[in-house]
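Source file protein17.tsv; content: TSV, C-alpha atoms and all ligand atoms.
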chain	number	residue	atom	x	y	z
A	28	MET	CA	-132.11	-178.46	106.92
A	29	ASN	CA	-134.97	-180.85	107.80
A	30	PRO	CA	-137.23	-182.21	106.56
A	31	ARG	CA	-135.48	-182.48	103.24
A	32	ILE	CA	-135.26	-184.45	100.05
A	33	ASP	CA	-131.73	-185.49	99.09
A	34	ILE	CA	-131.42	-185.43	95.31
A	35	ASP	CA	-128.36	-187.26	94.02
A	36	LEU	CA	-127.56	-185.61	90.70
A	37	ASP	CA	-124.82	-188.14	89.88
A	38	LYS	CA	-127.25	-191.05	90.25
A	39	ILE	CA	-129.81	-189.29	88.05
A	40	LYS	CA	-127.19	-188.65	85.38
A	41	HIS	CA	-126.05	-192.26	85.55
A	42	ASN	CA	-129.65	-193.51	85.17
A	43	ALA	CA	-130.23	-191.18	82.20
A	44	LYS	CA	-127.11	-192.52	80.49
A	45	VAL	CA	-128.16	-196.14	81.06
A	46	LEU	CA	-131.59	-195.41	79.55
A	47	LEU	CA	-130.03	-193.61	76.57
A	48	GLU	CA	-127.83	-196.68	75.99
A	49	LEU	CA	-130.92	-198.94	76.14
A	50	CYS	CA	-132.62	-196.76	73.51
A	51	ARG	CA	-129.64	-196.47	71.18
A	52	PRO	CA	-129.94	-199.81	69.33
A	53	PHE	CA	-133.56	-198.94	68.49
A	54	ASN	CA	-132.70	-195.42	67.31
A	55	LEU	CA	-135.13	-193.90	69.80
A	56	SER	CA	-134.73	-190.25	70.68
A	57	VAL	CA	-135.50	-189.57	74.34
A	58	ALA	CA	-137.68	-186.87	75.84
A	59	ALA	CA	-136.77	-186.60	79.52
A	60	VAL	CA	-139.93	-186.01	81.54
A	61	THR	CA	-139.37	-183.31	84.17
A	62	LYS	CA	-142.81	-183.08	85.82
A	63	GLY	CA	-141.83	-185.54	88.60
A	64	PHE	CA	-139.46	-182.90	90.00
A	65	CYS	CA	-141.50	-179.79	89.11
A	66	GLY	CA	-139.05	-178.81	86.36
A	67	LYS	CA	-136.30	-177.82	88.80
A	68	PRO	CA	-133.54	-176.51	86.50
A	69	GLU	CA	-130.77	-178.01	88.72
A	70	ILE	CA	-132.03	-181.48	87.79
A	71	ALA	CA	-133.11	-180.74	84.22
A	72	GLU	CA	-129.60	-179.48	83.49
A	73	VAL	CA	-128.16	-182.86	84.44
A	74	LEU	CA	-130.53	-184.60	82.01
A	75	VAL	CA	-129.44	-182.23	79.25
A	76	SER	CA	-125.78	-182.98	79.94
A	77	ALA	CA	-126.51	-186.74	79.87
A	78	GLY	CA	-127.63	-186.27	76.26
A	79	VAL	CA	-131.43	-186.42	76.11
A	80	LYS	CA	-132.97	-184.72	73.06
A	81	TYR	CA	-136.10	-183.05	74.49
A	82	LEU	CA	-137.41	-181.81	77.85
A	83	ALA	CA	-141.04	-182.80	78.40
A	84	ASP	CA	-143.45	-181.59	81.07
A	85	SER	CA	-147.17	-181.38	81.64
A	86	ARG	CA	-147.13	-177.85	83.09
A	87	LEU	CA	-146.11	-174.61	81.42
A	88	GLU	CA	-144.91	-173.14	84.75
A	89	ASN	CA	-142.13	-175.72	84.69
A	90	PHE	CA	-141.06	-174.66	81.18
A	91	VAL	CA	-140.71	-171.10	82.45
A	92	LYS	CA	-138.25	-172.40	85.07
A	93	MET	CA	-136.31	-174.28	82.37
A	94	LYS	CA	-136.44	-171.59	79.69
A	95	ASP	CA	-132.64	-171.13	79.63
A	96	LEU	CA	-131.97	-174.80	78.87
A	97	PRO	CA	-131.23	-175.22	75.17
A	98	LEU	CA	-133.46	-178.20	74.26
A	99	GLU	CA	-136.88	-178.20	72.61
A	100	LYS	CA	-139.73	-178.31	75.14
A	101	LEU	CA	-142.52	-180.83	74.68
A	102	LEU	CA	-145.82	-180.17	76.46
A	103	LEU	CA	-147.27	-183.51	77.61
A	104	ARG	CA	-150.69	-182.57	78.94
A	105	LEU	CA	-153.20	-181.62	76.26
A	106	PRO	CA	-153.24	-177.81	76.01
A	107	MET	CA	-156.09	-175.75	77.45
A	108	ILE	CA	-157.65	-173.47	74.85
A	109	SER	CA	-157.50	-170.67	77.44
A	110	GLN	CA	-153.70	-171.06	77.52
A	111	ALA	CA	-153.08	-171.23	73.76
A	112	ASN	CA	-150.89	-168.10	73.80
A	113	GLU	CA	-148.70	-169.39	76.62
A	114	VAL	CA	-148.44	-172.82	75.00
A	115	VAL	CA	-146.99	-171.48	71.74
A	116	THR	CA	-144.73	-169.14	73.72
A	117	TYR	CA	-143.20	-171.62	76.17
A	118	ALA	CA	-143.52	-174.99	74.39
A	119	ASP	CA	-141.99	-175.84	71.01
A	120	ILE	CA	-144.09	-178.97	70.61
A	121	SER	CA	-147.35	-180.09	72.23
A	122	LEU	CA	-149.32	-183.34	72.36
A	123	ASN	CA	-152.86	-182.88	71.02
A	124	SER	CA	-156.11	-184.72	70.35
A	125	GLU	CA	-158.72	-181.96	69.83
A	126	LEU	CA	-159.14	-180.08	66.55
A	127	GLU	CA	-160.67	-177.07	68.32
A	128	THR	CA	-157.56	-176.73	70.47
A	129	ILE	CA	-155.22	-177.16	67.49
A	130	LYS	CA	-157.07	-174.37	65.69
A	131	SER	CA	-156.62	-172.03	68.65
A	132	LEU	CA	-152.91	-172.93	68.81
A	133	ASN	CA	-152.73	-172.07	65.10
A	134	ALA	CA	-154.26	-168.64	65.74
A	135	ALA	CA	-151.98	-168.02	68.72
A	136	ALA	CA	-148.89	-169.05	66.71
A	137	GLU	CA	-149.96	-166.77	63.86
A	138	ASP	CA	-150.22	-163.86	66.35
A	139	ILE	CA	-146.56	-164.19	67.34
A	140	CYS	CA	-145.37	-165.20	63.84
A	141	THR	CA	-144.22	-168.65	64.77
A	142	THR	CA	-144.96	-172.22	63.76
A	143	HIS	CA	-146.06	-174.54	66.54
A	144	LYS	CA	-145.24	-178.23	66.21
A	145	ILE	CA	-147.72	-180.84	67.31
A	146	ILE	CA	-147.82	-184.56	67.91
A	147	LEU	CA	-151.26	-186.16	67.55
A	148	MET	CA	-152.11	-188.58	70.33
A	149	LEU	CA	-153.86	-191.85	69.51
A	150	ASP	CA	-155.75	-193.80	72.13
A	151	LEU	CA	-154.79	-197.46	71.68
A	152	GLY	CA	-157.01	-198.64	74.50
A	153	ASP	CA	-155.73	-197.14	77.77
A	154	LEU	CA	-158.61	-194.63	77.66
A	155	ARG	CA	-156.76	-191.54	78.80
A	156	GLU	CA	-155.94	-189.02	76.05
A	157	GLY	CA	-155.93	-189.56	72.29
A	158	ILE	CA	-158.06	-189.91	69.19
A	159	PHE	CA	-159.83	-193.26	69.29
A	160	ASP	CA	-161.76	-193.27	66.04
A	161	ALA	CA	-159.98	-193.86	62.69
A	162	MET	CA	-162.45	-191.68	60.74
A	163	GLU	CA	-161.95	-188.78	63.16
A	164	LEU	CA	-158.18	-189.17	62.84
A	165	GLU	CA	-158.28	-188.89	59.06
A	166	LYS	CA	-160.53	-185.84	59.22
A	167	VAL	CA	-158.33	-184.11	61.81
A	168	VAL	CA	-155.15	-184.76	59.80
A	169	ARG	CA	-156.73	-183.30	56.65
A	170	GLU	CA	-157.83	-180.21	58.55
A	171	ILE	CA	-154.40	-179.71	60.13
A	172	LYS	CA	-152.86	-179.85	56.66
A	173	GLY	CA	-154.73	-176.62	55.91
A	174	LEU	CA	-153.49	-174.73	59.01
A	175	SER	CA	-150.78	-172.18	58.24
A	176	ASN	CA	-148.94	-172.09	61.58
A	177	ILE	CA	-149.19	-175.70	62.76
A	178	ASP	CA	-146.67	-178.34	61.79
A	179	LEU	CA	-147.84	-181.91	62.39
A	180	ILE	CA	-144.51	-183.61	63.12
A	181	GLY	CA	-145.62	-186.87	64.65
A	182	ILE	CA	-147.99	-189.21	66.40
A	183	GLY	CA	-147.79	-190.85	69.77
A	184	THR	CA	-149.64	-192.85	72.35
A	185	ASN	CA	-149.83	-193.08	76.10
A	186	LEU	CA	-150.37	-196.41	77.83
A	187	THR	CA	-150.39	-197.81	81.38
A	188	CYS	CA	-151.65	-194.50	82.77
A	189	TYR	CA	-155.39	-194.78	83.29
A	190	GLY	CA	-156.40	-198.23	82.10
A	191	GLY	CA	-153.15	-199.97	82.99
A	192	VAL	CA	-152.85	-201.30	79.42
A	193	ILE	CA	-149.34	-202.64	78.79
A	194	PRO	CA	-147.61	-201.67	75.54
A	195	ASN	CA	-146.79	-204.58	73.24
A	196	GLU	CA	-145.95	-205.39	69.63
A	197	VAL	CA	-149.65	-205.33	68.69
A	198	ASN	CA	-150.68	-201.90	70.00
A	199	LEU	CA	-147.36	-200.21	69.17
A	200	GLY	CA	-147.37	-201.97	65.79
A	201	GLN	CA	-150.76	-200.37	65.21
A	202	LEU	CA	-149.20	-196.98	65.96
A	203	VAL	CA	-146.52	-197.55	63.29
A	204	GLU	CA	-149.16	-198.63	60.76
A	205	THR	CA	-151.26	-195.54	61.48
A	206	ALA	CA	-148.17	-193.37	60.99
A	207	CYS	CA	-147.86	-194.72	57.43
A	208	LYS	CA	-151.47	-193.81	56.66
A	209	ILE	CA	-151.00	-190.29	58.02
A	210	GLU	CA	-147.80	-189.86	56.01
A	211	GLU	CA	-149.78	-190.72	52.87
A	212	ILE	CA	-152.39	-188.06	53.62
A	213	LEU	CA	-149.74	-185.46	54.50
A	214	GLY	CA	-147.43	-186.36	51.62
A	215	LYS	CA	-144.44	-186.21	53.98
A	216	LYS	CA	-142.60	-188.35	56.53
A	217	LEU	CA	-143.45	-187.93	60.21
A	218	GLU	CA	-140.40	-187.06	62.32
A	219	ILE	CA	-141.70	-188.54	65.55
A	220	ILE	CA	-143.48	-191.79	66.33
A	221	SER	CA	-143.61	-191.72	70.09
A	222	GLY	CA	-144.00	-195.13	71.67
A	223	GLY	CA	-145.04	-194.24	75.19
A	224	ASN	CA	-143.50	-193.75	78.61
A	225	SER	CA	-141.55	-195.75	81.19
A	226	SER	CA	-143.97	-198.65	80.73
A	227	SER	CA	-142.42	-199.23	77.27
A	228	VAL	CA	-138.93	-199.74	78.71
A	229	TYR	CA	-139.39	-203.49	79.24
A	230	MET	CA	-139.83	-203.79	75.45
A	231	LEU	CA	-136.33	-202.37	75.02
A	232	MET	CA	-134.96	-204.74	77.66
A	233	ASN	CA	-136.56	-207.70	75.85
A	234	ASN	CA	-135.74	-206.55	72.34
A	235	LYS	CA	-139.44	-206.21	71.47
A	236	MET	CA	-139.75	-202.57	70.38
A	237	PRO	CA	-141.36	-202.56	66.91
A	238	LYS	CA	-139.35	-201.07	64.06
A	239	GLY	CA	-140.73	-197.65	63.22
A	240	ILE	CA	-141.09	-196.37	66.80
A	241	ASN	CA	-138.39	-193.69	67.06
A	242	HIS	CA	-139.21	-191.70	70.20
A	243	ILE	CA	-139.95	-192.35	73.88
A	244	ARG	CA	-140.90	-190.13	76.84
A	245	LEU	CA	-139.19	-191.18	80.06
A	246	GLY	CA	-139.77	-189.89	83.58
A	247	GLU	CA	-139.84	-192.58	86.25
A	248	ALA	CA	-137.38	-194.86	84.42
A	249	ILE	CA	-134.70	-192.16	84.60
A	250	LEU	CA	-135.54	-190.70	88.00
A	251	LEU	CA	-136.21	-193.90	89.94
A	252	GLY	CA	-134.66	-196.59	87.71
A	253	SER	CA	-137.92	-198.45	87.38
A	254	GLU	CA	-139.89	-199.70	84.39
A	255	THR	CA	-143.58	-199.24	85.04
A	256	ALA	CA	-145.28	-202.06	83.09
A	257	TYR	CA	-144.28	-204.68	85.67
A	258	GLY	CA	-142.63	-202.48	88.31
A	259	GLU	CA	-139.18	-204.02	87.87
A	260	ALA	CA	-135.91	-202.26	88.64
A	261	ILE	CA	-133.94	-201.50	85.47
A	262	PRO	CA	-130.56	-203.28	85.63
A	263	ASN	CA	-127.57	-201.09	86.51
A	264	THR	CA	-129.71	-198.11	87.62
A	265	HIS	CA	-130.22	-196.46	91.00
A	266	GLN	CA	-133.63	-196.58	92.70
A	267	ASP	CA	-132.56	-194.16	95.45
A	268	ALA	CA	-131.59	-190.97	93.64
A	269	PHE	CA	-134.33	-189.25	95.67
A	270	GLN	CA	-134.53	-189.85	99.44
A	271	LEU	CA	-136.59	-188.27	102.19
A	272	VAL	CA	-134.79	-187.28	105.39
A	273	ALA	CA	-136.85	-186.46	108.50
A	274	GLU	CA	-135.81	-185.65	112.06
A	275	VAL	CA	-136.83	-187.32	115.32
A	276	ILE	CA	-138.61	-184.77	117.54
A	277	GLU	CA	-139.86	-187.15	120.25
A	278	LEU	CA	-138.79	-190.63	121.33
A	279	LYS	CA	-140.47	-192.30	124.29
A	280	GLU	CA	-141.56	-195.67	125.65
A	281	LYS	CA	-145.35	-195.76	125.36
A	282	PRO	CA	-148.15	-198.32	125.11
A	283	SER	CA	-149.15	-199.42	121.59
A	284	VAL	CA	-152.88	-198.93	122.21
A	285	PRO	CA	-154.33	-195.49	123.00
A	286	ILE	CA	-155.96	-195.00	126.38
A	287	GLY	CA	-159.57	-193.81	126.51
A	288	GLU	CA	-162.59	-193.98	124.26
A	289	ILE	CA	-161.58	-194.12	120.55
A	290	GLY	CA	-163.25	-191.55	118.33
A	291	ARG	CA	-161.89	-190.31	115.00
A	292	ASP	CA	-158.32	-189.49	114.05
A	293	ALA	CA	-157.17	-186.19	112.46
A	294	PHE	CA	-158.54	-187.33	109.08
A	295	GLY	CA	-161.95	-188.50	110.25
A	296	ASN	CA	-161.19	-192.22	110.25
A	297	VAL	CA	-161.79	-194.51	113.22
A	298	PRO	CA	-158.37	-196.09	113.92
A	299	THR	CA	-157.71	-199.65	115.06
A	300	PHE	CA	-154.66	-200.87	117.01
A	301	VAL	CA	-152.73	-204.06	117.68
A	302	ASP	CA	-151.52	-204.39	121.29
A	303	LYS	CA	-147.76	-205.01	121.12
A	304	GLY	CA	-147.16	-203.93	124.68
A	305	THR	CA	-144.94	-201.02	125.58
A	306	HIS	CA	-142.67	-199.96	122.74
A	307	LYS	CA	-140.22	-197.29	121.64
A	308	ARG	CA	-142.21	-194.71	119.68
A	309	GLY	CA	-140.64	-191.96	117.67
A	310	ILE	CA	-142.23	-188.91	116.13
A	311	LEU	CA	-140.66	-187.48	112.97
A	312	ALA	CA	-141.22	-183.95	111.74
A	313	VAL	CA	-142.84	-184.70	108.37
A	314	GLY	CA	-146.46	-185.48	107.58
A	315	LYS	CA	-149.31	-186.00	105.17
A	316	GLN	CA	-149.06	-182.40	104.04
A	317	ASP	CA	-145.68	-183.35	102.55
A	318	ILE	CA	-146.12	-186.97	101.43
A	319	ALA	CA	-149.92	-187.40	101.36
A	320	THR	CA	-150.62	-191.12	101.79
A	321	HIS	CA	-147.97	-192.32	99.35
A	322	PRO	CA	-145.85	-195.21	100.55
A	323	ILE	CA	-142.32	-194.55	101.81
A	324	THR	CA	-139.81	-197.14	103.04
A	325	PRO	CA	-137.30	-196.61	105.85
A	326	VAL	CA	-133.76	-197.44	104.73
A	327	ASP	CA	-133.26	-198.96	108.20
A	328	GLN	CA	-135.58	-201.94	107.72
A	329	GLN	CA	-135.92	-202.41	111.49
A	330	ILE	CA	-138.01	-199.23	111.69
A	331	GLU	CA	-141.76	-199.74	111.35
A	332	ILE	CA	-144.10	-196.93	110.28
A	333	LEU	CA	-147.13	-196.79	112.59
A	334	GLY	CA	-149.04	-193.88	111.10
A	335	GLY	CA	-149.18	-190.16	110.95
A	336	SER	CA	-151.08	-186.94	110.72
A	337	SER	CA	-150.64	-183.72	108.73
A	338	ASP	CA	-147.28	-182.82	110.25
A	339	HIS	CA	-146.17	-185.92	112.16
A	340	LEU	CA	-144.98	-189.38	111.19
A	341	ILE	CA	-145.05	-191.94	114.00
A	342	VAL	CA	-142.58	-194.82	113.85
A	343	ASP	CA	-141.65	-197.80	116.01
A	344	PHE	CA	-137.94	-198.05	116.90
A	345	THR	CA	-138.39	-201.04	119.23
A	346	ASN	CA	-136.65	-203.59	116.95
A	347	CYS	CA	-133.77	-201.33	115.90
A	348	ASP	CA	-130.16	-202.29	116.65
A	349	LYS	CA	-129.24	-198.64	116.32
A	350	GLU	CA	-129.93	-196.47	119.38
A	351	TYR	CA	-131.98	-193.61	117.92
A	352	ARG	CA	-132.12	-190.31	119.80
A	353	VAL	CA	-134.07	-187.08	119.54
A	354	GLY	CA	-132.42	-184.98	116.83
A	355	ASP	CA	-131.36	-187.99	114.73
A	356	GLU	CA	-132.24	-188.18	111.04
A	357	VAL	CA	-134.23	-191.04	109.51
A	358	VAL	CA	-133.84	-191.75	105.78
A	359	PHE	CA	-136.59	-193.14	103.52
A	360	ASN	CA	-136.66	-194.50	99.98
A	361	ILE	CA	-139.62	-193.15	98.04
A	362	GLY	CA	-141.73	-193.98	95.01
A	363	TYR	CA	-142.99	-191.69	92.26
A	364	GLY	CA	-146.03	-190.41	94.18
A	365	ALA	CA	-144.05	-189.44	97.27
A	366	MET	CA	-141.30	-187.89	95.13
A	367	LEU	CA	-143.87	-185.76	93.31
A	368	ALA	CA	-145.52	-184.65	96.57
A	369	LEU	CA	-142.19	-183.89	98.29
A	370	MET	CA	-140.86	-181.93	95.31
A	371	THR	CA	-144.11	-179.94	95.25
A	372	SER	CA	-144.17	-179.20	99.00
A	373	GLU	CA	-142.68	-175.83	99.86
A	374	TYR	CA	-141.93	-177.15	103.36
A	375	ILE	CA	-139.42	-179.70	102.11
A	376	HIS	CA	-135.87	-178.44	101.65
A	377	LYS	CA	-134.40	-179.52	98.29
A	378	ASN	CA	-130.84	-180.71	98.88
A	379	TYR	CA	-128.83	-181.32	95.70
A	380	VAL	CA	-125.99	-183.78	96.19
A	381	SER	CA	-123.30	-184.18	93.57
A	382	ALA	CA	-119.74	-185.36	93.81
A	383	GLY	CA	-119.17	-186.11	90.14
A	384	ARG	CA	-118.72	-189.77	91.09
A	385	PHE	CA	-119.89	-191.46	87.93
A	386	ASP	CA	-118.35	-189.26	85.22
A	401	LIG	C1	-146.07	-188.24	82.63
A	401	LIG	C2	-146.06	-188.60	81.20
A	401	LIG	C3	-145.01	-189.36	80.68
A	401	LIG	C4	-143.88	-189.92	81.53
A	401	LIG	O1	-144.31	-191.02	82.27
A	401	LIG	P1	-143.29	-191.94	83.09
A	401	LIG	O2	-144.07	-193.13	83.44
A	401	LIG	O3	-142.83	-191.15	84.26
A	401	LIG	O4	-142.16	-192.25	82.16
A	401	LIG	C5	-145.01	-189.63	79.32
A	401	LIG	N1	-146.01	-189.19	78.53
A	401	LIG	C6	-147.05	-188.45	79.00
A	401	LIG	C7	-148.11	-187.99	78.06
A	401	LIG	C8	-147.11	-188.13	80.35
A	401	LIG	O5	-148.14	-187.41	80.82

Mind turning this structure into structure tokens?
Ligand SMILES: *Cc1c(COP(=O)(O)O)cnc(C)c1O
Amino acid sequence: MNPRIDIDLDKIKHNAKVLLELCRPFNLSVAAVTKGFCGKPEIAEVLVSAGVKYLADSRLENFVKMKDLPLEKLLLRLPMISQANEVVTYADISLNSELETIKSLNAAAEDICTTHKIILMLDLGDLREGIFDAMELEKVVREIKGLSNIDLIGIGTNLTCYGGVIPNEVNLGQLVETACKIEEILGKKLEIISGGNSSSVYMLMNNKMPKGINHIRLGEAILLGSETAYGEAIPNTHQDAFQLVAEVIELKEKPSVPIGEIGRDAFGNVPTFVDKGTHKRGILAVGKQDIATHPITPVDQQIEILGGSSDHLIVDFTNCDKEYRVGDEVVFNIGYGAMLALMTSEYIHKNYVSAGRFD
């Protein structure tokens, strides 16, 4: 069925195993981040069988989909106070930075006679979530100590998300030091010191992960085999576990410059054109509604993407050795943004491929 996203479960499992092996010498437990594929249980199951320790997502709806999978669920996005009840119901652990929120989680946990685990987020300079001020941190930890239904099990940080700050031995070292101070206040060891996301993977590859970090949250590294500090492919992983397939619905020789007065395109922009003479233009049945403006790359490198609108992608087949025809399929490699958009689009058929090749 087209358009579709081919999801190679064997490649995803292989990538997860490679990442787990990379983490092993550092004794890092791995939370597999499932938000990139909207928590589809078919994929999450594969990550569980590869041996990850937690399933992590930013949206509670995705935990509902994965509720039958046996691992602890870690909520990545800071909880909304208005959702405190749902948070303690569907997530075992949540990342937090606001005392007000933690107090409402405490009340919600008390209501259903449970203890909710939290990880406090520290902002080490990337300026997305986390406590920034050392005095505030100490005060929050002391207050949490007095809450009956909250268990502070760890601290963590998130880098390379907003500010693009790259994790290193200095900022992650600071996280380990802060953990020691918190342990003193609490009078107990912290279970989790969470050293970031896929942007921390290069530190594993270069043997630079500071001692004391014992947890990592990995999405893109597993799904697309890419570390996100420098955008490098991780050795021995697949970058094409997710591919977009779209069908040719028109293929004609046409000029490369529109004829008539040029106004605005479907999105209100005034387009410009390079005259390449008459060429072989194809229209594919997929559009910005499905992939937004995220980059995608044709696997056949002789295809050039010319543009598109909500439901159409226009490509140039002129330089292709292959004779494309109406009804043919064109395959694209995709990055994280396109993967997220395609997995979210209800118009894209999700095609799970598995042959058990790498077991
Ligand atoms: C999305 C997210 C991650 C995973 O990021 P990747 O770059 O895909 O590994 C980790 N931690 C938090 C808090 C997140 O929101």

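Residues lying within 10 Å of A:Ile341, counting all atoms listed in the file and ignoring same-chain neighbours fewer than 5 positions away, are Val275, Glu277, Leu278, Arg308, Gly309, Ile310, Leu311, Ala312, Val313, Gly314, Glu331, Ile332, Leu333, Gly334, Gly335 and Ser336 of chain A.
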
Mind running chain A against ligand LIG 401 (chain A) at 7 Å and telling me each contacting residue's nearest atom pair with the distance in Å (one decimal), counting only C-alpha atoms and all ligand atoms, chain and number ascending, as a Markdown table?
| residue | atom | partner | partner_atom | distance |
| --- | --- | --- | --- | --- |
| A:Val60 | CA | A:LIG401 | C4 | 5.6 |
| A:Lys62 | CA | A:LIG401 | C1 | 6.9 |
| A:Ser85 | CA | A:LIG401 | O5 | 6.2 |
| A:Leu103 | CA | A:LIG401 | C7 | 4.6 |
| A:Arg104 | CA | A:LIG401 | O5 | 5.8 |
| A:Asn185 | CA | A:LIG401 | C7 | 5.7 |
| A:Gly223 | CA | A:LIG401 | N1 | 6.1 |
| A:Asn224 | CA | A:LIG401 | O4 | 4.1 |
| A:Ser225 | CA | A:LIG401 | O4 | 3.7 |
| A:Ser226 | CA | A:LIG401 | O2 | 6.2 |
| A:Arg244 | CA | A:LIG401 | C5 | 4.8 |
| A:Leu245 | CA | A:LIG401 | O4 | 3.8 |
| A:Gly246 | CA | A:LIG401 | O3 | 3.4 |
| A:Glu247 | CA | A:LIG401 | O3 | 3.9 |
| A:Ala248 | CA | A:LIG401 | O4 | 5.9 |
| A:Thr255 | CA | A:LIG401 | O2 | 6.3 |

Export C-alpha atoms of the chosen residues as a compact mmCIF listing (two decimals), keeping the file's coordinate frame?
# COMPACT_ATOMS: atom_id res chain seq x y z
CA VAL A 60 -139.93 -186.01 81.54
CA LYS A 62 -142.81 -183.08 85.82
CA SER A 85 -147.17 -181.38 81.64
CA LEU A 103 -147.27 -183.51 77.61
CA ARG A 104 -150.69 -182.57 78.94
CA ASN A 185 -149.83 -193.08 76.10
CA GLY A 223 -145.04 -194.24 75.19
CA ASN A 224 -143.50 -193.75 78.61
CA SER A 225 -141.55 -195.75 81.19
CA SER A 226 -143.97 -198.65 80.73
CA ARG A 244 -140.90 -190.13 76.84
CA LEU A 245 -139.19 -191.18 80.06
CA GLY A 246 -139.77 -189.89 83.58
CA GLU A 247 -139.84 -192.58 86.25
CA ALA A 248 -137.38 -194.86 84.42
CA THR A 255 -143.58 -199.24 85.04

Worksheet item: Could you pull the residues within 10 Å of A:Gly239, counting all atoms listed in the file, minus those fewer than 3 positions along the same chain, as a VMD selection string?
Response: chain A and resid 53 to 55 199 to 200 202 to 204 206 to 207 219 to 222 236 242

Discussion item. Set the distance at 9 Å and use all atoms listed in the file: which residues neighbour stretch 159-174 of chain A once local chain neighbours fewer than 6 positions away are removed? I'd like the list as a PyMOL selection string.
Written reply: chain A and resi 124-126+129-130+133+147+149-152+205+208-209+212-213

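Of the residues under consideration (A:Ile180, A:Val284, A:Ile276, A:Ile32), A:Ile276 shows the shortest atom-to-atom contact distance to A:Gly354 when counting only C-alpha atoms.
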